[in-house]
Amino acid sequence: MRRLRRAGLARLAGLALWAGSLLGCAPGPNGGFVIGGNGHGCIPQRIATVPVVYRGGLLFVTATVNGKPVRLVLDTGAQRTLLTEAAVRRLGLPSDLSHGTKTWGIGGPTSAFDARVRRFALAGVAFNMPLVTVGRFHLAPQQGGADGMFGADLLRLFDIDLDAAAGRMVLYRAGVCRMTAPPWDGPAVVLPGVRSSDNRLMLPIAVNGVPGLATLDTGAQTTAISMALALKAGVTASELATDRFAVARGAGPAAVRVRLHRFRSLQIGPWVARGPVLPILSLPPGIGAGLVGEDFLLQRRVWLSFGSSQVFVAVPPATAAVPAPPRS
């Protein structure tokens, strides 16, 4: 594996979101509404192609709420799709005073009443989602701002071909049977030991040879590990005391200072980075031992299946030029 990029460590995105309640998205009827997770055999059925824009270490998609466009961070690490309080006001969405959600992110906890929506759609695919979580914070200000996050509660309804460098995400009808290869030409590696848990895809990683499970998080600029895994990997209190800090901003009202530590190695699947500098985060239960972020995903085409707990990673030819990611 090429050395993980260290650019942007001083302004980590950390957009992972953890919801205190999960109302879910009920399967909708035909006529444009998604029917997810019901298994349609092992032949992938293509549904839609979604343009994806890369900017400042994050991926963005444009959805519509009641017919109006919204710019959302594409965030597999977020349990719930979310709109910011500012976006809710701009869109004129009414609050539902009988439903509220508490969210936890790197920037701390917030709580708010959910907002009512008539129609939520992405690339012509509409979702039966009458309520949306509201976040009382700003998102991605250094990338021009975002109206919210497109989270794993909706992404899990599909199998996904995500090619960030090419600027697209292809949605397939979700399947439940395990595949031997993704539906694209060219070789790919399946990551062993992937698990699905609470709207998350968990990937095996190893730091200094010490194994752990980390959340696949397209909403994090940089791969990071938990304090618990760092200590298991041999980091001492005296080393932490001399490590430099970075500022993490994400799904929460506050900025957080995190330690940056140089480890001997980081392994994700068959790829190994030597001497990576990784942020060390305090993560709540259920997130695992870390976050696999955009520094790993950006130049790698991936196939994501929540239903079958599979992740494939394309292996480009050794002589192929790495395309520049699309920017807004």
# chains A, B, ... in the order shown; residues from 1 in each chain; ligands from 1
>>> closest_atom_pairs(of="segment 139-243 of chain A", to="segment 277-295 of chain A", cutoff="6 Å", atoms="only C-alpha atoms", output="Markdown table")
| residue | atom | partner | partner_atom | distance |
| --- | --- | --- | --- | --- |
| A:Gly212 | CA | A:Ala289 | CA | 5.5 |
| A:Leu213 | CA | A:Ala289 | CA | 5.4 |
| A:Ala214 | CA | A:Gly290 | CA | 4.4 |
| A:Thr215 | CA | A:Leu291 | CA | 4.9 |
| A:Leu216 | CA | A:Val292 | CA | 4.9 |
| A:Asp217 | CA | A:Gly293 | CA | 5.1 |
| A:Thr218 | CA | A:Gly293 | CA | 5.5 |
| A:Ala220 | CA | A:Gly293 | CA | 4.8 |
| A:Gln221 | CA | A:Glu294 | CA | 5.0 |
| A:Thr222 | CA | A:Gly293 | CA | 4.9 |
| A:Thr223 | CA | A:Gly293 | CA | 4.4 |
| A:Ala224 | CA | A:Pro279 | CA | 4.9 |
| A:Ile225 | CA | A:Gly290 | CA | 3.8 |
| A:Ser226 | CA | A:Leu281 | CA | 4.9 |
| A:Met227 | CA | A:Ile280 | CA | 5.6 |
| A:Leu229 | CA | A:Ala289 | CA | 5.9 |
>>> write_last_selection(atoms="N, CA, C and O atoms", output="CSV table (one decimal), in the first residue's frame")
chain,number,residue,atom,x,y,z
A,212,GLY,N,-7.5,-5.0,14.9
A,212,GLY,CA,-8.8,-4.4,15.3
A,212,GLY,C,-9.7,-4.3,14.2
A,212,GLY,O,-9.4,-4.6,13.0
A,213,LEU,N,-11.0,-3.9,14.5
A,213,LEU,CA,-12.0,-3.6,13.5
A,213,LEU,C,-12.3,-2.1,13.5
A,213,LEU,O,-12.5,-1.5,14.5
A,214,ALA,N,-12.3,-1.5,12.3
A,214,ALA,CA,-12.5,-0.1,12.1
A,214,ALA,C,-13.7,0.2,11.2
A,214,ALA,O,-14.0,-0.6,10.3
A,215,THR,N,-14.4,1.2,11.5
A,215,THR,CA,-15.6,1.6,10.6
A,215,THR,C,-15.1,2.2,9.3
A,215,THR,O,-14.2,3.1,9.3
A,216,LEU,N,-15.6,1.8,8.2
A,216,LEU,CA,-15.4,2.4,6.9
A,216,LEU,C,-16.1,3.7,6.8
A,216,LEU,O,-17.3,3.7,6.9
A,217,ASP,N,-15.4,4.8,6.8
A,217,ASP,CA,-16.0,6.1,7.0
A,217,ASP,C,-15.6,7.1,5.8
A,217,ASP,O,-14.5,7.7,5.9
A,218,THR,N,-16.4,7.2,4.8
A,218,THR,CA,-16.2,8.1,3.7
A,218,THR,C,-16.3,9.5,4.2
A,218,THR,O,-16.0,10.5,3.4
A,220,ALA,N,-14.7,10.8,6.8
A,220,ALA,CA,-13.5,11.2,7.5
A,220,ALA,C,-12.4,11.4,6.5
A,220,ALA,O,-12.1,10.6,5.6
A,221,GLN,N,-11.7,12.6,6.6
A,221,GLN,CA,-10.7,12.9,5.7
A,221,GLN,C,-9.5,11.9,5.8
A,221,GLN,O,-8.8,11.5,4.9
A,222,THR,N,-9.3,11.5,7.1
A,222,THR,CA,-8.0,10.8,7.4
A,222,THR,C,-8.3,9.5,8.2
A,222,THR,O,-9.2,9.6,9.1
A,223,THR,N,-7.7,8.5,7.9
A,223,THR,CA,-7.8,7.2,8.7
A,223,THR,C,-7.2,7.5,10.1
A,223,THR,O,-6.2,8.2,10.3
A,224,ALA,N,-8.0,7.1,11.1
A,224,ALA,CA,-7.6,7.3,12.5
A,224,ALA,C,-7.9,6.1,13.3
A,224,ALA,O,-8.6,5.2,12.9
A,225,ILE,N,-7.2,6.0,14.5
A,225,ILE,CA,-7.5,4.9,15.4
A,225,ILE,C,-7.9,5.3,16.8
A,225,ILE,O,-7.7,6.5,17.2
A,226,SER,N,-8.4,4.4,17.5
A,226,SER,CA,-8.9,4.7,18.9
A,226,SER,C,-7.7,4.7,19.9
A,226,SER,O,-6.7,4.1,19.6
A,227,MET,N,-7.9,5.3,21.0
A,227,MET,CA,-6.9,5.3,22.0
A,227,MET,C,-6.7,3.9,22.5
A,227,MET,O,-5.5,3.5,22.8
A,229,LEU,N,-6.8,1.1,20.9
A,229,LEU,CA,-5.9,0.3,20.0
A,229,LEU,C,-4.5,0.9,20.0
A,229,LEU,O,-3.5,0.1,19.9
>>> select_by_dssp(residues="segment 39-122 of chain A", states="strand (DSSP E)", output="PDB file with C-alpha atoms, in the first residue's frame")
ATOM      1  CA  ARG A  46     -28.112  -1.451 -11.574  1.00  0.00           C
ATOM      2  CA  ILE A  47     -30.427   1.292 -10.310  1.00  0.00           C
ATOM      3  CA  ALA A  48     -28.738   4.675 -10.738  1.00  0.00           C
ATOM      4  CA  THR A  49     -25.440   6.492 -11.242  1.00  0.00           C
ATOM      5  CA  VAL A  50     -24.764   9.325  -8.805  1.00  0.00           C
ATOM      6  CA  PRO A  51     -22.205  12.079  -9.558  1.00  0.00           C
ATOM      7  CA  VAL A  53     -17.585  15.543  -6.176  1.00  0.00           C
ATOM      8  CA  TYR A  54     -14.339  15.514  -4.235  1.00  0.00           C
ATOM      9  CA  ARG A  55     -13.273  18.632  -2.374  1.00  0.00           C
ATOM     10  CA  LEU A  58     -14.444  14.844   1.432  1.00  0.00           C
ATOM     11  CA  LEU A  59     -16.965  13.462  -1.047  1.00  0.00           C
ATOM     12  CA  PHE A  60     -20.216  15.285  -1.822  1.00  0.00           C
ATOM     13  CA  VAL A  61     -23.449  14.302  -3.561  1.00  0.00           C
ATOM     14  CA  THR A  62     -26.431  16.448  -4.510  1.00  0.00           C
ATOM     15  CA  ALA A  63     -29.830  15.188  -3.393  1.00  0.00           C
ATOM     16  CA  THR A  64     -33.215  16.910  -3.420  1.00  0.00           C
ATOM     17  CA  VAL A  65     -35.548  17.588  -0.514  1.00  0.00           C
ATOM     18  CA  LYS A  68     -34.908  21.587  -3.799  1.00  0.00           C
ATOM     19  CA  PRO A  69     -31.210  20.679  -4.137  1.00  0.00           C
ATOM     20  CA  VAL A  70     -29.097  19.966  -1.065  1.00  0.00           C
ATOM     21  CA  ARG A  71     -25.343  19.376  -0.917  1.00  0.00           C
ATOM     22  CA  LEU A  72     -24.551  16.410   1.309  1.00  0.00           C
ATOM     23  CA  VAL A  73     -21.360  14.800   2.541  1.00  0.00           C
ATOM     24  CA  LEU A  74     -21.290  11.156   1.430  1.00  0.00           C
ATOM     25  CA  LEU A  82     -28.969  14.271   8.443  1.00  0.00           C
ATOM     26  CA  LEU A  83     -29.733  17.872   7.524  1.00  0.00           C
ATOM     27  CA  THR A  84     -28.209  20.794   9.366  1.00  0.00           C
ATOM     28  CA  SER A  95     -40.299  20.137  13.023  1.00  0.00           C
ATOM     29  CA  ASP A  96     -41.929  16.990  14.365  1.00  0.00           C
ATOM     30  CA  LEU A  97     -42.193  17.678  18.093  1.00  0.00           C
ATOM     31  CA  SER A  98     -42.941  14.007  18.844  1.00  0.00           C
ATOM     32  CA  HIS A  99     -39.648  12.708  17.397  1.00  0.00           C
ATOM     33  CA  GLY A 100     -36.189  13.827  18.424  1.00  0.00           C
ATOM     34  CA  THR A 101     -32.727  12.418  17.909  1.00  0.00           C
ATOM     35  CA  LYS A 102     -29.544  12.782  19.932  1.00  0.00           C
ATOM     36  CA  THR A 103     -26.382  12.542  17.877  1.00  0.00           C
ATOM     37  CA  TRP A 104     -22.777  11.988  18.821  1.00  0.00           C
ATOM     38  CA  GLY A 105     -19.842  13.015  16.689  1.00  0.00           C
ATOM     39  CA  GLY A 108     -19.602  16.338  20.767  1.00  0.00           C
ATOM     40  CA  PRO A 109     -23.319  15.511  21.272  1.00  0.00           C
ATOM     41  CA  THR A 110     -26.327  17.495  20.089  1.00  0.00           C
ATOM     42  CA  SER A 111     -30.058  16.873  20.132  1.00  0.00           C
ATOM     43  CA  ALA A 112     -32.927  18.290  18.093  1.00  0.00           C
ATOM     44  CA  PHE A 113     -36.420  17.487  16.919  1.00  0.00           C
ATOM     45  CA  ASP A 114     -36.564  15.699  13.578  1.00  0.00           C
ATOM     46  CA  ALA A 115     -37.844  17.557  10.516  1.00  0.00           C
ATOM     47  CA  ARG A 116     -40.673  16.419   8.249  1.00  0.00           C
ATOM     48  CA  PHE A 120     -36.174  12.904  -0.407  1.00  0.00           C
ATOM     49  CA  ALA A 121     -34.425  11.771  -3.587  1.00  0.00           C
ATOM     50  CA  LEU A 122     -30.964  11.080  -4.999  1.00  0.00           C
TER      51      LEU A 122
END
>>> residues_around(residues="segment 85-89 of chain A", least_positions_apart="6", cutoff="8 Å", atoms="only C-alpha atoms", output="VMD selection string")
chain A and resid 115 134 to 137 147 to 148
>>> select_by_dssp(residues="segment 32-209 of chain A", states="alpha helix (DSSP H)", output="PyMOL selection string")
chain A and resi 85-91+152-155
>>> write_last_selection(atoms="all heavy atoms", output="tab-separated table (two decimals), in the first residue's frame")
chain	number	residue	atom	x	y	z
A	85	GLU	N	-29.34	22.30	10.85
A	85	GLU	CA	-30.42	23.20	11.28
A	85	GLU	C	-30.58	24.34	10.29
A	85	GLU	O	-31.70	24.76	9.98
A	85	GLU	CB	-30.09	23.72	12.67
A	85	GLU	CG	-31.24	24.36	13.40
A	85	GLU	CD	-30.90	24.68	14.83
A	85	GLU	OE1	-29.76	25.14	15.08
A	85	GLU	OE2	-31.74	24.47	15.72
A	86	ALA	N	-29.45	24.84	9.76
A	86	ALA	CA	-29.52	25.94	8.78
A	86	ALA	C	-30.22	25.50	7.51
A	86	ALA	O	-31.01	26.25	6.92
A	86	ALA	CB	-28.12	26.45	8.46
A	87	ALA	N	-29.96	24.28	7.05
A	87	ALA	CA	-30.61	23.78	5.84
A	87	ALA	C	-32.10	23.58	6.06
A	87	ALA	O	-32.92	23.86	5.18
A	87	ALA	CB	-29.96	22.46	5.42
A	88	VAL	N	-32.47	23.11	7.23
A	88	VAL	CA	-33.89	22.92	7.55
A	88	VAL	C	-34.62	24.25	7.50
A	88	VAL	O	-35.74	24.35	6.96
A	88	VAL	CB	-34.04	22.24	8.93
A	88	VAL	CG1	-35.48	22.31	9.42
A	88	VAL	CG2	-33.58	20.79	8.87
A	89	ARG	N	-34.00	25.30	8.04
A	89	ARG	CA	-34.63	26.62	7.98
A	89	ARG	C	-34.74	27.11	6.54
A	89	ARG	O	-35.78	27.66	6.13
A	89	ARG	CB	-33.82	27.62	8.82
A	89	ARG	CG	-33.94	27.43	10.32
A	89	ARG	CD	-33.45	28.68	11.06
A	89	ARG	NE	-32.05	28.97	10.75
A	89	ARG	CZ	-31.03	28.53	11.47
A	89	ARG	NH1	-31.25	27.79	12.55
A	89	ARG	NH2	-29.78	28.84	11.14
A	90	ARG	N	-33.67	26.95	5.77
A	90	ARG	CA	-33.69	27.42	4.38
A	90	ARG	C	-34.76	26.70	3.57
A	90	ARG	O	-35.43	27.30	2.72
A	90	ARG	CB	-32.32	27.18	3.74
A	90	ARG	CG	-32.25	27.54	2.25
A	90	ARG	CD	-30.84	27.42	1.73
A	90	ARG	NE	-30.33	26.06	1.80
A	90	ARG	CZ	-30.58	25.11	0.91
A	90	ARG	NH1	-31.38	25.38	-0.12
A	90	ARG	NH2	-30.07	23.91	1.03
A	91	LEU	N	-34.94	25.41	3.82
A	91	LEU	CA	-35.91	24.62	3.08
A	91	LEU	C	-37.33	24.78	3.63
A	91	LEU	O	-38.29	24.31	2.99
A	91	LEU	CB	-35.52	23.14	3.12
A	91	LEU	CG	-34.20	22.78	2.44
A	91	LEU	CD1	-33.78	21.36	2.81
A	91	LEU	CD2	-34.32	22.91	0.93
A	152	ALA	N	-25.49	6.04	6.23
A	152	ALA	CA	-25.56	4.61	5.99
A	152	ALA	C	-26.97	4.04	6.12
A	152	ALA	O	-27.23	2.93	5.64
A	152	ALA	CB	-24.63	3.87	6.95
A	153	ASP	N	-27.90	4.77	6.76
A	153	ASP	CA	-29.27	4.26	6.82
A	153	ASP	C	-29.88	4.15	5.42
A	153	ASP	O	-30.73	3.29	5.18
A	153	ASP	CB	-30.15	5.14	7.72
A	153	ASP	CG	-30.15	6.61	7.29
A	153	ASP	OD1	-29.20	7.05	6.62
A	153	ASP	OD2	-31.12	7.31	7.64
A	154	LEU	N	-29.43	5.01	4.48
A	154	LEU	CA	-29.88	4.92	3.09
A	154	LEU	C	-28.90	4.14	2.23
A	154	LEU	O	-29.31	3.37	1.35
A	154	LEU	CB	-30.10	6.31	2.51
A	154	LEU	CG	-31.14	7.18	3.24
A	154	LEU	CD1	-31.33	8.50	2.49
A	154	LEU	CD2	-32.47	6.45	3.40
A	155	LEU	N	-27.61	4.31	2.46
A	155	LEU	CA	-26.62	3.59	1.66
A	155	LEU	C	-26.75	2.08	1.80
A	155	LEU	O	-26.49	1.33	0.86
A	155	LEU	CB	-25.22	4.05	2.06
A	155	LEU	CG	-24.84	5.48	1.65
A	155	LEU	CD1	-23.54	5.89	2.33
A	155	LEU	CD2	-24.73	5.60	0.14
>>> closest_residue(among="A:Glu239, A:Asp198, A:Asp161, A:Asp75", to="Ala174 of chain A", atoms="only C-alpha atoms")
A:Asp161
>>> atom_distance(atom1="atom CA of Ser265 of chain A", atom2="atom CA of Asn208 of chain A")
5.0 Å
>>> closest_residue(among="A:Gly92, A:Pro211, A:Pro182, A:Gly219", to="Phe312 of chain A", atoms="only C-alpha atoms")
A:Pro182
>>> residues_around(residues="Ala181 of chain A", least_positions_apart="3", cutoff="9 Å", atoms="only C-alpha atoms", output="PyMOL selection string")
chain A and resi 184+187-190+312
>>> atom_distance(atom1="atom CA of Ser196 of chain A", atom2="atom CA of Gln310 of chain A")
8.6 Å
>>> residues_around(residues="Trp303 of chain A", least_positions_apart="2", cutoff="9 Å", atoms="only C-alpha atoms", output="list in words")
Asp159, Ile160, Asp161, Leu162, Asp163, Pro182, Pro183, Arg301, Ser305, Gln310, Val311, Phe312, Val313 and Ala314 of chain A
>>> write_last_selection(atoms="N, CA, C and O atoms", output="tab-separated table (two decimals), in the first residue's frame")
chain	number	residue	atom	x	y	z
A	159	ASP	N	-26.22	-2.17	-2.92
A	159	ASP	CA	-24.82	-2.50	-3.13
A	159	ASP	C	-24.24	-1.35	-3.93
A	159	ASP	O	-24.91	-0.77	-4.80
A	160	ILE	N	-22.98	-0.99	-3.63
A	160	ILE	CA	-22.44	0.29	-4.12
A	160	ILE	C	-21.10	0.08	-4.80
A	160	ILE	O	-20.20	-0.56	-4.25
A	161	ASP	N	-20.98	0.64	-5.99
A	161	ASP	CA	-19.71	0.75	-6.70
A	161	ASP	C	-19.27	2.20	-6.59
A	161	ASP	O	-19.80	3.08	-7.26
A	162	LEU	N	-18.30	2.47	-5.70
A	162	LEU	CA	-17.85	3.83	-5.45
A	162	LEU	C	-16.48	4.03	-6.08
A	162	LEU	O	-15.51	3.38	-5.70
A	163	ASP	N	-16.42	4.93	-7.05
A	163	ASP	CA	-15.17	5.25	-7.73
A	163	ASP	C	-14.95	6.76	-7.58
A	163	ASP	O	-15.35	7.55	-8.43
A	182	PRO	N	-16.67	-8.19	-8.02
A	182	PRO	CA	-17.60	-7.08	-8.28
A	182	PRO	C	-17.91	-7.00	-9.77
A	182	PRO	O	-17.19	-7.57	-10.61
A	183	PRO	N	-18.97	-6.28	-10.16
A	183	PRO	CA	-19.40	-6.24	-11.56
A	183	PRO	C	-18.65	-5.21	-12.39
A	183	PRO	O	-19.24	-4.34	-13.02
A	301	ARG	N	-11.08	2.25	-6.22
A	301	ARG	CA	-12.46	1.91	-6.53
A	301	ARG	C	-12.89	0.77	-5.62
A	301	ARG	O	-12.20	-0.24	-5.49
A	305	SER	N	-21.02	-3.75	0.14
A	305	SER	CA	-22.29	-4.46	0.31
A	305	SER	C	-22.55	-4.65	1.80
A	305	SER	O	-21.88	-5.45	2.46
A	310	GLN	N	-19.53	-7.50	2.50
A	310	GLN	CA	-18.39	-7.65	1.61
A	310	GLN	C	-17.87	-6.30	1.14
A	310	GLN	O	-18.65	-5.37	0.89
A	311	VAL	N	-16.56	-6.21	1.02
A	311	VAL	CA	-15.89	-5.05	0.44
A	311	VAL	C	-14.84	-5.57	-0.54
A	311	VAL	O	-13.98	-6.35	-0.16
A	312	PHE	N	-14.95	-5.14	-1.81
A	312	PHE	CA	-13.95	-5.43	-2.82
A	312	PHE	C	-13.20	-4.14	-3.13
A	312	PHE	O	-13.79	-3.05	-3.14
A	313	VAL	N	-11.91	-4.25	-3.41
A	313	VAL	CA	-11.09	-3.11	-3.78
A	313	VAL	C	-10.42	-3.41	-5.11
A	313	VAL	O	-9.78	-4.46	-5.27
A	314	ALA	N	-10.61	-2.52	-6.10
A	314	ALA	CA	-10.01	-2.72	-7.40
A	314	ALA	C	-8.49	-2.62	-7.31
A	314	ALA	O	-7.95	-1.84	-6.53
>>> closest_residue(among="A:Gln267, A:Gln79, A:Gln299, A:Gln142", to="Ser197 of chain A", atoms="only C-alpha atoms")
A:Gln79
>>> closest_residue(among="A:Asn128, A:Thr81, A:Thr180, A:Asn66", to="Met149 of chain A", atoms="only C-alpha atoms")
A:Thr81
